[in-house]
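Visitor: structure_19.cif (mmCIF, C-alpha atoms and all ligand atoms) pasted underneath:
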data_final
loop_
_atom_site.label_atom_id
_atom_site.label_comp_id
_atom_site.auth_asym_id
_atom_site.auth_seq_id
_atom_site.Cartn_x
_atom_site.Cartn_y
_atom_site.Cartn_z
CA MET A 1 112.38 87.02 94.83
CA GLN A 2 115.26 88.73 92.99
CA GLN A 3 118.54 89.20 94.88
CA PRO A 4 119.94 92.71 95.35
CA LEU A 5 123.51 93.50 94.27
CA THR A 6 124.53 94.24 97.84
CA PRO A 7 122.74 93.48 101.11
CA PHE A 8 122.02 97.22 101.32
CA PRO A 9 119.85 97.96 98.28
CA LEU A 10 119.16 101.57 97.35
CA SER A 11 115.91 101.00 95.57
CA GLY A 12 113.27 98.33 95.33
CA TYR A 13 112.16 95.86 97.96
CA PHE A 14 113.88 92.49 98.22
CA GLY A 15 112.05 90.82 101.07
CA SER A 16 112.36 90.90 104.83
CA LYS A 17 115.93 89.60 104.80
CA TYR A 18 117.12 92.96 103.49
CA PHE A 19 114.70 95.03 105.48
CA CYS A 20 115.79 96.39 108.83
CA ASP A 21 113.40 96.48 111.79
CA ARG A 22 110.22 98.59 111.44
CA GLU A 23 108.56 95.84 113.40
CA LYS A 24 106.28 98.08 115.42
CA GLU A 25 105.27 100.10 112.38
CA THR A 26 104.60 96.95 110.38
CA GLU A 27 102.49 95.51 113.16
CA LYS A 28 100.53 98.75 113.49
CA LEU A 29 99.82 98.87 109.76
CA LEU A 30 98.77 95.22 109.66
CA GLU A 31 96.53 95.73 112.65
CA ASN A 32 94.93 98.77 111.05
CA CYS A 33 94.34 96.82 107.84
CA ARG A 34 92.78 93.98 109.80
CA HIS A 35 90.42 96.44 111.45
CA GLY A 36 89.61 98.25 108.23
CA LEU A 37 91.30 101.40 109.49
CA SER A 38 93.15 103.52 106.96
CA THR A 39 96.63 104.84 107.74
CA THR A 40 98.68 107.80 106.61
CA ILE A 41 102.43 107.38 106.71
CA ILE A 42 104.28 110.63 107.23
CA SER A 43 108.02 111.19 107.37
CA ILE A 44 110.78 113.26 105.88
CA ARG A 45 112.00 112.06 102.51
CA ARG A 46 114.00 108.89 102.08
CA MET A 47 113.19 107.59 105.51
CA GLY A 48 111.55 104.41 104.23
CA LYS A 49 107.84 105.00 103.62
CA THR A 50 107.67 103.16 100.31
CA GLY A 51 109.84 100.35 101.65
CA LEU A 52 107.53 99.95 104.61
CA ILE A 53 104.46 99.71 102.38
CA LYS A 54 106.09 96.96 100.32
CA HIS A 55 107.15 95.18 103.48
CA VAL A 56 103.63 95.27 104.88
CA ALA A 57 102.22 94.05 101.57
CA GLY A 58 104.30 90.89 101.87
CA GLN A 59 102.76 90.10 105.23
CA LEU A 60 99.08 90.55 104.50
CA PRO A 61 97.00 87.36 104.39
CA GLU A 62 97.73 85.68 101.07
CA LYS A 63 94.24 85.87 99.69
CA TRP A 64 93.81 89.58 100.32
CA ALA A 65 94.19 91.87 97.35
CA PHE A 66 96.96 94.42 97.75
CA ILE A 67 97.01 97.23 95.24
CA TYR A 68 99.89 99.70 95.08
CA LEU A 69 99.94 102.85 93.04
CA ASP A 70 102.47 105.64 92.96
CA ILE A 71 100.68 108.69 91.62
CA LEU A 72 103.65 111.05 91.42
CA TYR A 73 103.50 111.18 87.64
CA THR A 74 99.74 111.57 87.34
CA GLU A 75 98.51 115.05 86.55
CA ASN A 76 94.73 114.78 86.50
CA LYS A 77 91.82 112.47 87.19
CA PRO A 78 92.01 110.58 83.87
CA GLU A 79 95.65 109.75 84.67
CA LEU A 80 94.65 108.70 88.16
CA LEU A 81 92.24 106.29 86.52
CA ASP A 82 95.05 104.89 84.33
CA SER A 83 97.24 104.41 87.36
CA LEU A 84 94.50 102.79 89.44
CA ALA A 85 93.33 100.43 86.71
CA THR A 86 96.91 99.40 85.93
CA ALA A 87 97.58 98.69 89.59
CA VAL A 88 94.34 96.73 89.91
CA ILE A 89 94.96 94.40 86.97
CA ASN A 90 98.52 93.81 88.12
CA ALA A 91 97.37 92.94 91.62
CA ILE A 92 94.41 90.73 90.79
CA PRO A 93 95.09 87.83 88.42
CA GLU A 94 92.61 87.32 85.62
CA LYS A 95 92.10 83.68 86.54
CA GLY A 96 89.49 83.10 89.19
CA ARG A 97 86.00 84.45 89.48
CA ALA A 98 86.82 87.73 91.20
CA GLY A 99 89.66 88.48 88.81
CA LYS A 100 87.51 87.77 85.80
CA LYS A 101 85.00 90.40 86.86
CA VAL A 102 87.66 93.03 87.41
CA TRP A 103 89.41 92.32 84.11
CA GLN A 104 86.15 92.22 82.25
CA PHE A 105 85.26 95.61 83.62
CA VAL A 106 88.62 97.14 82.70
CA LYS A 107 88.51 95.61 79.23
CA GLY A 108 84.99 96.97 78.82
CA LEU A 109 86.43 100.46 79.13
CA ARG A 110 88.40 99.83 75.95
CA PRO A 111 91.85 100.50 77.25
CA LEU A 112 95.03 101.00 75.30
CA LEU A 113 97.23 98.18 76.45
CA SER A 114 101.00 98.43 76.70
CA PHE A 115 103.77 96.78 78.68
CA ASP A 116 106.26 98.29 81.04
CA LEU A 117 109.59 98.25 79.22
CA LEU A 118 111.54 97.21 82.29
CA THR A 119 109.25 94.81 84.08
CA GLY A 120 106.97 93.66 81.29
CA ALA A 121 103.94 94.34 83.51
CA PRO A 122 100.76 95.25 81.63
CA GLN A 123 99.72 98.89 81.65
CA VAL A 124 96.40 100.32 80.61
CA SER A 125 95.37 103.82 79.67
CA PHE A 126 92.05 105.24 78.64
CA ASN A 127 91.20 108.09 76.44
CA VAL A 128 88.47 109.62 78.59
CA ARG A 129 87.44 113.02 79.84
CA ASN A 130 87.19 114.14 83.40
CA LYS A 131 83.59 113.23 84.12
CA GLU A 132 84.01 109.80 82.65
CA ALA A 133 87.23 109.26 84.57
CA GLU A 134 85.44 110.18 87.79
CA GLN A 135 82.70 107.69 87.07
CA ASN A 136 85.16 104.96 86.12
CA ILE A 137 87.26 105.45 89.25
CA THR A 138 84.10 105.23 91.33
CA ASP A 139 83.09 102.05 89.50
CA VAL A 140 86.48 100.40 89.95
CA LEU A 141 86.41 101.14 93.68
CA ARG A 142 82.85 99.80 93.96
CA LEU A 143 83.94 96.66 92.21
CA LEU A 144 86.71 96.22 94.75
CA GLU A 145 84.18 96.80 97.49
CA ASN A 146 82.50 93.61 96.25
CA HIS A 147 85.74 91.64 96.07
CA PRO A 148 85.33 88.39 98.03
CA GLN A 149 88.41 89.13 100.13
CA PRO A 150 89.50 92.34 101.85
CA VAL A 151 91.36 94.82 99.68
CA VAL A 152 94.17 97.17 100.68
CA ILE A 153 95.03 100.06 98.39
CA ALA A 154 98.27 101.92 99.02
CA ILE A 155 98.52 105.29 97.32
CA ASP A 156 102.06 106.60 97.36
CA GLU A 157 102.91 110.26 96.74
CA PHE A 158 99.29 110.98 97.55
CA GLN A 159 99.89 114.74 97.91
CA GLN A 160 100.07 114.83 94.13
CA ILE A 161 96.26 115.10 93.98
CA LEU A 162 96.71 118.69 95.16
CA ASN A 163 98.44 119.47 91.87
CA TYR A 164 95.56 118.28 89.71
CA PRO A 165 93.90 121.15 87.88
CA GLU A 166 90.46 120.06 89.07
CA ASN A 167 89.17 121.67 92.26
CA GLN A 168 88.69 119.81 95.52
CA VAL A 169 89.92 116.45 94.35
CA ASP A 170 90.29 115.40 97.98
CA ALA A 171 86.62 116.13 98.71
CA TRP A 172 85.54 114.12 95.70
CA LEU A 173 87.80 111.18 96.50
CA ARG A 174 86.86 111.18 100.15
CA SER A 175 83.18 111.06 99.31
CA ILE A 176 83.69 107.82 97.37
CA ILE A 177 86.13 106.26 99.81
CA GLN A 178 83.82 106.98 102.70
CA GLN A 179 81.34 104.47 101.34
CA LEU A 180 83.78 101.58 101.20
CA ASN A 181 83.99 98.96 103.93
CA ASN A 182 85.91 96.19 102.23
CA VAL A 183 88.71 98.45 101.04
CA THR A 184 91.31 99.92 103.40
CA PHE A 185 93.78 102.60 102.36
CA ILE A 186 97.37 103.38 103.13
CA TYR A 187 98.34 106.89 102.10
CA SER A 188 101.90 108.00 101.93
CA GLY A 189 103.70 110.99 100.55
CA SER A 190 107.09 112.58 100.53
CA GLN A 191 106.03 116.21 100.66
CA GLN A 192 105.45 116.43 104.35
CA HIS A 193 103.84 119.83 104.55
CA LEU A 194 101.26 118.93 101.89
CA MET A 195 100.51 115.59 103.54
CA ASN A 196 100.08 117.35 106.86
CA ASP A 197 97.85 119.87 105.20
CA LEU A 198 95.65 117.13 103.70
CA PHE A 199 95.29 115.03 106.82
CA THR A 200 95.69 117.31 109.82
CA THR A 201 93.82 120.47 108.85
CA PRO A 202 90.33 120.39 110.35
CA SER A 203 88.72 122.01 107.32
CA ARG A 204 90.02 119.37 104.89
CA PRO A 205 87.91 116.36 103.89
CA PHE A 206 90.52 113.75 104.89
CA TYR A 207 90.95 115.24 108.35
CA ARG A 208 90.80 112.50 110.99
CA SER A 209 89.79 109.93 108.41
CA THR A 210 92.98 107.93 108.95
CA GLN A 211 95.42 107.07 111.64
CA LEU A 212 98.71 108.93 111.31
CA LEU A 213 101.90 106.93 111.44
CA LYS A 214 104.98 109.05 111.84
CA LEU A 215 108.05 107.25 110.56
CA LYS A 216 111.21 108.16 112.43
CA SER A 217 114.75 106.81 112.18
CA ILE A 218 115.30 103.11 112.67
CA PRO A 219 116.72 102.69 116.22
CA ARG A 220 120.52 102.74 116.26
CA GLU A 221 120.84 99.35 117.88
CA SER A 222 118.65 97.63 115.31
CA TYR A 223 120.50 99.15 112.41
CA ARG A 224 123.88 98.35 113.96
CA ASN A 225 122.91 94.69 114.35
CA PHE A 226 121.53 94.60 110.82
CA ILE A 227 124.78 95.96 109.37
CA THR A 228 127.15 93.72 111.32
CA LYS A 229 124.97 90.68 110.57
CA HIS A 230 125.04 91.23 106.82
CA PHE A 231 128.81 91.63 106.71
CA LYS A 232 129.16 88.51 108.81
CA ASN A 233 126.86 86.58 106.46
CA HIS A 234 129.39 87.29 103.73
CA LYS A 235 132.27 86.15 105.91
CA ARG A 236 133.44 89.68 106.43
CA SER A 237 133.56 91.75 109.55
CA ILE A 238 132.70 95.20 110.76
CA SER A 239 132.94 96.14 114.43
CA GLU A 240 130.02 97.64 116.29
CA ASP A 241 132.01 100.83 116.79
CA VAL A 242 132.66 101.25 113.11
CA ALA A 243 129.00 100.56 112.29
CA ASP A 244 128.03 103.15 114.91
CA ASP A 245 130.34 105.72 113.36
CA MET A 246 128.74 105.16 109.98
CA LEU A 247 125.29 105.52 111.51
CA GLU A 248 126.38 108.74 113.14
CA TRP A 249 127.75 110.15 109.90
CA THR A 250 124.54 109.34 108.04
CA LYS A 251 122.42 110.63 110.92
CA LEU A 252 120.47 107.35 110.86
CA HIS A 253 118.64 108.59 107.78
CA THR A 254 117.73 105.34 106.03
CA TYR A 255 118.68 106.12 102.44
CA TYR A 256 122.07 107.55 103.44
CA VAL A 257 122.80 104.62 105.73
CA GLN A 258 122.05 102.25 102.86
CA LEU A 259 124.19 104.29 100.48
CA LEU A 260 127.25 104.34 102.70
CA CYS A 261 126.87 100.68 103.68
CA SER A 262 126.48 99.54 100.09
CA ARG A 263 129.56 101.48 99.03
CA VAL A 264 131.61 100.10 101.89
CA PHE A 265 130.33 96.62 101.07
CA MET A 266 131.37 97.01 97.44
CA THR A 267 135.02 97.60 98.42
CA ASN A 268 135.17 93.84 98.99
CA GLU A 269 137.50 94.37 101.96
CA THR A 270 137.29 91.57 104.51
CA THR A 271 137.62 93.73 107.59
CA ILE A 272 135.99 97.13 107.51
CA THR A 273 138.15 99.65 109.30
CA ARG A 274 137.62 103.37 109.95
CA ASN A 275 139.91 104.23 107.05
CA ILE A 276 137.82 102.22 104.64
CA TRP A 277 134.52 103.87 105.42
CA HIS A 278 136.13 107.31 105.63
CA GLU A 279 137.50 106.85 102.14
CA GLU A 280 134.08 105.78 100.80
CA ALA A 281 132.39 108.71 102.52
CA ARG A 282 134.97 111.08 101.04
CA LYS A 283 134.37 109.71 97.55
CA ILE A 284 130.61 110.07 97.88
CA LEU A 285 131.02 113.74 98.83
CA VAL A 286 133.35 114.38 95.89
CA GLU A 287 130.77 112.85 93.54
CA GLN A 288 128.03 115.03 94.96
CA GLU A 289 130.01 118.25 94.89
CA PRO A 290 128.64 119.46 91.54
CA VAL A 291 125.12 119.15 92.95
CA PHE A 292 126.03 121.23 96.00
CA LEU A 293 127.77 123.86 93.92
CA GLY A 294 124.60 123.89 91.84
CA TYR A 295 122.65 124.88 94.95
CA ARG A 296 124.97 127.85 95.33
CA GLU A 297 124.26 128.93 91.76
CA MET A 298 120.55 128.41 92.07
CA LEU A 299 119.81 129.96 95.45
CA PRO A 300 119.50 133.61 96.40
CA LYS A 301 122.55 134.54 98.50
CA LYS A 302 120.63 134.76 101.78
CA GLN A 303 119.17 131.30 101.35
CA TRP A 304 122.56 129.84 100.50
CA GLN A 305 124.14 131.42 103.57
CA LEU A 306 121.35 130.22 105.78
CA LEU A 307 121.46 126.69 104.37
CA LYS A 308 125.18 126.51 105.06
CA ALA A 309 124.63 127.84 108.56
CA ILE A 310 121.94 125.24 109.30
CA ALA A 311 124.20 122.53 107.87
CA THR A 312 127.05 123.65 110.13
CA GLU A 313 124.73 123.46 113.13
CA SER A 314 123.23 120.12 111.95
CA THR A 315 120.06 120.80 113.92
CA LEU A 316 118.91 124.31 114.64
CA ASN A 317 116.29 125.15 117.23
CA SER A 318 116.02 128.92 117.04
CA PRO A 319 116.70 130.41 113.63
CA THR A 320 116.05 133.92 114.89
CA ALA A 321 118.22 133.72 118.03
CA ASN A 322 120.73 136.58 118.15
CA ASP A 323 123.67 134.27 118.69
CA PHE A 324 122.90 132.28 115.60
CA ILE A 325 122.24 135.30 113.41
CA ASN A 326 125.35 137.13 114.59
CA ASN A 327 127.56 134.10 114.38
CA TYR A 328 126.76 133.57 110.71
CA GLN A 329 126.15 137.24 109.88
CA LEU A 330 122.70 136.58 108.49
CA GLY A 331 121.22 140.07 108.77
CA SER A 332 117.80 140.74 110.29
CA SER A 333 115.58 138.07 111.80
CA SER A 334 112.84 138.86 109.30
CA SER A 335 115.15 138.19 106.36
CA VAL A 336 116.27 134.94 108.01
CA LEU A 337 112.65 133.86 108.29
CA ARG A 338 112.03 134.71 104.66
CA ALA A 339 115.10 132.76 103.56
CA LEU A 340 114.03 129.84 105.74
CA GLU A 341 110.63 129.82 104.08
CA GLY A 342 112.40 129.60 100.71
CA LEU A 343 114.54 126.66 101.83
CA LEU A 344 111.53 124.80 103.23
CA ASP A 345 109.62 125.39 100.01
CA LYS A 346 112.47 124.04 97.91
CA GLU A 347 112.79 121.08 100.26
CA LEU A 348 116.41 121.84 100.95
CA ALA A 349 115.63 122.13 104.66
CA TYR A 350 112.89 120.59 106.78
CA TYR A 351 111.60 120.96 110.28
CA ASP A 352 110.60 118.32 112.75
CA PHE A 353 110.24 117.90 116.51
CA ASP A 354 112.71 116.18 118.81
CA GLU A 355 111.92 113.77 121.65
CA GLU A 356 111.06 116.66 123.97
CA GLY A 357 108.75 118.20 121.42
CA ASN A 358 111.12 121.04 120.47
CA LYS A 359 111.01 122.16 116.89
CA TYR A 360 114.25 122.00 114.94
CA TYR A 361 115.45 122.64 111.40
CA SER A 362 117.92 120.52 109.46
CA PRO A 363 119.18 120.32 105.89
CA TYR A 364 117.32 117.67 103.92
CA ASP A 365 120.41 116.22 102.36
CA VAL A 366 122.70 114.59 104.89
CA LEU A 367 125.52 114.53 102.34
CA PHE A 368 125.24 118.29 101.88
CA GLU A 369 125.50 118.73 105.63
CA ARG A 370 128.61 116.57 105.82
CA TRP A 371 130.13 118.38 102.86
CA VAL A 372 129.63 121.80 104.48
CA GLN A 373 131.02 120.57 107.79
CA LYS A 374 134.04 119.02 106.12
CA ASN A 375 134.87 122.17 104.20
CA LYS A 376 134.52 124.27 107.34
CA LYS A 377 137.16 122.25 109.09
CA GLN A 378 139.76 122.70 106.37
N1 LIG A 401 113.73 99.22 106.91
C1 LIG A 401 114.62 99.34 105.93
N2 LIG A 401 115.74 98.58 105.89
C2 LIG A 401 116.64 98.71 104.92
N3 LIG A 401 116.52 99.58 103.90
C3 LIG A 401 115.44 100.36 103.87
C4 LIG A 401 114.42 100.28 104.86
N4 LIG A 401 113.46 101.17 104.56
C5 LIG A 401 113.85 101.78 103.43
N5 LIG A 401 115.02 101.30 103.00
C6 LIG A 401 115.81 101.77 101.86
O1 LIG A 401 116.03 103.16 102.09
C7 LIG A 401 115.86 103.92 100.92
C8 LIG A 401 114.75 104.95 101.09
O2 LIG A 401 113.55 104.27 101.33
P1 LIG A 401 112.16 104.64 100.64
O3 LIG A 401 112.31 104.88 99.20
O4 LIG A 401 111.21 103.61 101.11
O5 LIG A 401 111.90 106.02 101.38
P2 LIG A 401 110.67 107.02 101.19
O6 LIG A 401 110.39 107.55 102.55
O7 LIG A 401 109.56 106.38 100.44
O8 LIG A 401 111.37 108.13 100.30
P3 LIG A 401 110.64 109.30 99.45
O9 LIG A 401 110.09 110.26 100.47
O10 LIG A 401 111.76 109.93 98.67
O11 LIG A 401 109.57 108.65 98.62
C9 LIG A 401 115.61 102.91 99.83
O12 LIG A 401 116.87 102.64 99.28
C10 LIG A 401 115.08 101.69 100.55
O13 LIG A 401 115.44 100.52 99.86
MG MG A 402 108.64 106.85 98.64
#
Output the file's structure in the form of structure tokens.
Ligand SMILES: Nc1ncnc2c1ncn2[C@@H]1O[C@H](COP(=O)(O)OP(=O)(O)OP(=O)(O)O)[C@@H](O)[C@H]1O
Ligand SMILES: [Mg+2]
Guide:
Amino acid sequence: MQQPLTPFPLSGYFGSKYFCDREKETEKLLENCRHGLSTTIISIRRMGKTGLIKHVAGQLPEKWAFIYLDILYTENKPELLDSLATAVINAIPEKGRAGKKVWQFVKGLRPLLSFDLLTGAPQVSFNVRNKEAEQNITDVLRLLENHPQPVVIAIDEFQQILNYPENQVDAWLRSIIQQLNNVTFIYSGSQQHLMNDLFTTPSRPFYRSTQLLKLKSIPRESYRNFITKHFKNHKRSISEDVADDMLEWTKLHTYYVQLLCSRVFMTNETTITRNIWHEEARKILVEQEPVFLGYREMLPKKQWQLLKAIATESTLNSPTANDFINNYQLGSSSSVLRALEGLLDKELAYYDFDEEGNKYYSPYDVLFERWVQKNKKQ
């Protein structure tokens, strides 16, 4: 496997050595796959859903077929077919009896063949209409149903099917998937409210068809050990306290932890002190400033004020509480709720539930939060 540039990669999966914890979640997913139970992974963005899928893939029995497709860029059923067929031929080698059948089938559909410019992996696309695409998708899945070994299909950014122009894509897909016993699915998506809508609304076809796996932060202790271990492996040191401070600053949000750690790692300093990470954090915020000022340009004034207020609070339980509204001079509670709706829609803020089950709101971007807090203090 390829080596990452730092032990804290920001994209791609580089094997379990560079993957922190998620042991329980991995075990749960593997167990579900073994029992033919499909799983839906839900979390806020950049928490590690895609990473977890790749990690699980590496631990499935070797002979199983694991098929991964990210459907974010698909816009209709024919493109879903392209994405599925491409994933299938990349996952199942042509050599061998089972592979031959699959490849033969795909070739029989007269695909346009191309190669990914970066990875060189083959890609297929078909010039077909909707009805044909539907039939072909059904046929590919049936073929996998007859695969001699169990098959796991992970569909990332699954909520994208809601943007297809065709009606009730979920009902159609569910009706095919329902008939499969040899194929297990892992669904994952970064738009939490749409994923919730698809899987937890009783009137929707996928309701209760999968087990939900809510991905939270990696426990502080695990991440701290992971960070100190990797510095040590490179004959460098970082104290537990300093690692904890960095985890605090990044709110244990996986992507931001990785970002700060990789930047601190790249300083090449032998001993990581508070000053070193503070300086890296400061630089990151300076780099991001144009993005944050862009928010100010883009947002209606009320939304901007509310976003800054939520960022100052870090987590906010009651957006309509008098104290909060008065403190930040946000006007009426109804206008706060409207602004909040706007921020949730734009994915600049999200809500979740704490350990006690209390709902809270937070800004999506940890760096934005830290930027607002820093500027407040000055
Ligand atoms: N357990 C882990 N240990 C170390 N790094 C991780 C871990 N999980 C994820 N990462 C890293 O954190 C970042 C975000 O992870 P990932 O892309 O998997 O999140 P995601 O939830 O799929 O995000 P999105 O919602 O935007 O699709 C990536 O840089 C990834 O490499
Ligand atoms: Mg992802």
Visitor: Hey, could you make a per-residue contact list for range 202-248 of chain A against range 170-178 of chain A with 12 Å as the cut-off, showing the nearest pair of atoms and its distance in Å to one decimal, counting only C-alpha atoms, sorted by chain and number, as a Markdown table?
Guide:
| residue | atom | partner | partner_atom | distance |
| --- | --- | --- | --- | --- |
| A:Ser203 | CA | A:Ala171 | CA | 10.6 |
| A:Arg204 | CA | A:Ala171 | CA | 7.8 |
| A:Pro205 | CA | A:Ala171 | CA | 5.3 |
| A:Phe206 | CA | A:Arg174 | CA | 6.5 |
| A:Tyr207 | CA | A:Arg174 | CA | 10.0 |
| A:Arg208 | CA | A:Arg174 | CA | 11.6 |
| A:Ser209 | CA | A:Gln178 | CA | 8.8 |
| A:Thr210 | CA | A:Gln178 | CA | 11.1 |
Visitor: Convert the current residue selection to file output with C-alpha atoms, as an mmCIF file, in the frame of the given file.
Guide:
data_model
loop_
_atom_site.group_PDB
_atom_site.id
_atom_site.type_symbol
_atom_site.label_atom_id
_atom_site.label_comp_id
_atom_site.auth_asym_id
_atom_site.auth_seq_id
_atom_site.Cartn_x
_atom_site.Cartn_y
_atom_site.Cartn_z
ATOM 1 C CA SER A 203 88.720 122.010 107.320
ATOM 2 C CA ARG A 204 90.020 119.370 104.890
ATOM 3 C CA PRO A 205 87.910 116.360 103.890
ATOM 4 C CA PHE A 206 90.520 113.750 104.890
ATOM 5 C CA TYR A 207 90.950 115.240 108.350
ATOM 6 C CA ARG A 208 90.800 112.500 110.990
ATOM 7 C CA SER A 209 89.790 109.930 108.410
ATOM 8 C CA THR A 210 92.980 107.930 108.950
#
Visitor: Taking only C-alpha atoms and all ligand atoms and a cut-off of 10 Å, can you tell me which residues surround ligand MG 402 (chain A), written as a list in words?
Guide: Ser11, Ser43, Ile44, Arg45, Arg46, Met47, Gly48, Lys49, Thr50, Gly51, Leu52, Ile53, Asp70, Leu72, Asp156, Glu157, Ser188, Gly189, Ser190 and Gln191 of chain A
Visitor: Can you write out as a Markdown table which residues of range 120-162 of chain A fall within 9 Å of range 24-35 of chain A, alongside each residue's closest atom pair and its distance in Å to one decimal, counting all atoms listed in the file and ordering rows by chain and ascending residue number?
Guide:
| residue | atom | partner | partner_atom | distance |
| --- | --- | --- | --- | --- |
| A:Pro150 | CA | A:Arg34 | CA | 8.8 |
| A:Val151 | CA | A:Cys33 | CA | 8.9 |
| A:Val152 | CA | A:Cys33 | CA | 7.2 |
Visitor: Take the residues from that selection and write them out as an mmCIF file, in the frame of the given file, keeping C-alpha atoms.
Guide:
data_model
loop_
_atom_site.group_PDB
_atom_site.id
_atom_site.type_symbol
_atom_site.label_atom_id
_atom_site.label_comp_id
_atom_site.auth_asym_id
_atom_site.auth_seq_id
_atom_site.Cartn_x
_atom_site.Cartn_y
_atom_site.Cartn_z
ATOM 1 C CA PRO A 150 89.500 92.340 101.850
ATOM 2 C CA VAL A 151 91.360 94.820 99.680
ATOM 3 C CA VAL A 152 94.170 97.170 100.680
#
Visitor: Once you add 5 Å to each side, what are the centre and edge lengths of the axis-aligned box holding all listed atoms of ligand LIG 401 (chain A)? One decimal in Å, as JSON, if you can.
Guide:
{"center_x": 113.2, "center_y": 104.4, "center_z": 102.8, "size_x": 17.3, "size_y": 21.7, "size_z": 18.3}
Visitor: Env of Val183 in chain A: 10 Å cut, atoms = all atoms listed in the file, seq-sep filter 4 positions within chain, self excluded. Answer as a list in words.
Guide: Cys33, Gly36, Leu37, Ser38, Ala65, Phe66, Leu141, Arg142, Leu144, Glu145, Asn146, His147, Gln149, Pro150, Val151, Val152, Ile153, Ile177, Gln178 and Gln179 of chain A
Visitor: So which one's closest to His193 in chain A, A:Gln305, A:Ser239, A:Asn233, A:Gln159? Using all atoms listed in the file, please.
Guide: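 Ranking A:Gln305, A:Ser239, A:Asn233, A:Gln159 by distance to His193 in chain A, first place goes to A:Gln159.
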Visitor: Counting only C-alpha atoms, figure out which residue out of A:Glu269, A:Asp244, A:Glu313, A:Asp197 gets nearest to Glu369 in chain A.
Guide: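 Distance minimum relative to Glu369 in chain A lands on A:Glu313.
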Visitor: State, in Å with one decimal place, the distance from CA of Ile218 in chain A to CA of Tyr351 in chain A.
Guide: 18.4 Å
Visitor: Closest to Ile71 in chain A among A:Ile92, A:Ala87, A:Leu247, A:Leu180, using all atoms listed in the file?
Guide: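 Of all the options, A:Ala87 lies closest to Ile71 in chain A.
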Visitor: For each of A:Arg22, A:Arg282, A:Leu143, A:Asn275, take the minimum atom-to-atom distance to Gly99 in chain A, counting all atoms listed in the file, then give the residue where this is smallest.
Guide: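 Using all atoms listed in the file, the shortest distance to Gly99 in chain A belongs to A:Leu143.
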Visitor: Hey, which of A:Asn163, A:Ser335, A:Gln192, A:Asn136 ends up closest to ligand LIG 401 (chain A)? Count only C-alpha atoms and all ligand atoms.
Guide: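 Among the listed residues, the smallest separation from ligand LIG 401 (chain A) belongs to A:Gln192.
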Visitor: Could you check how far CA of Pro93 in chain A sits from CA of Asn182 in chain A, in Å to one decimal?
Guide: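 A separation of 18.6 Å between them.
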Visitor: Name all residues at most 8 Å from His253 in chain A (count all atoms listed in the file; drop same-chain ones fewer than 3 positions away) and give them as a list in words.
Guide: Arg46, Met47, Ser217, Thr250, Tyr256, Val257 and Val366 of chain A
Visitor: Choose the residue, out of A:Pro202, A:Pro219, A:Gly12, A:Pro111, that has the smallest atom-to-atom separation from ligand LIG 401 (chain A); count only C-alpha atoms and all ligand atoms.
Guide: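 Of A:Pro202, A:Pro219, A:Gly12, A:Pro111, the one nearest ligand LIG 401 (chain A) is A:Gly12, counting only C-alpha atoms and all ligand atoms.
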Visitor: Report as a ChimeraX atom specification all protein, DNA and RNA residues lying within 10 Å of Ser16 in chain A, evaluated on all atoms listed in the file, omitting residues in the same chain fewer than 4 positions from it.
Guide: /A:20-21,54-56,58-59
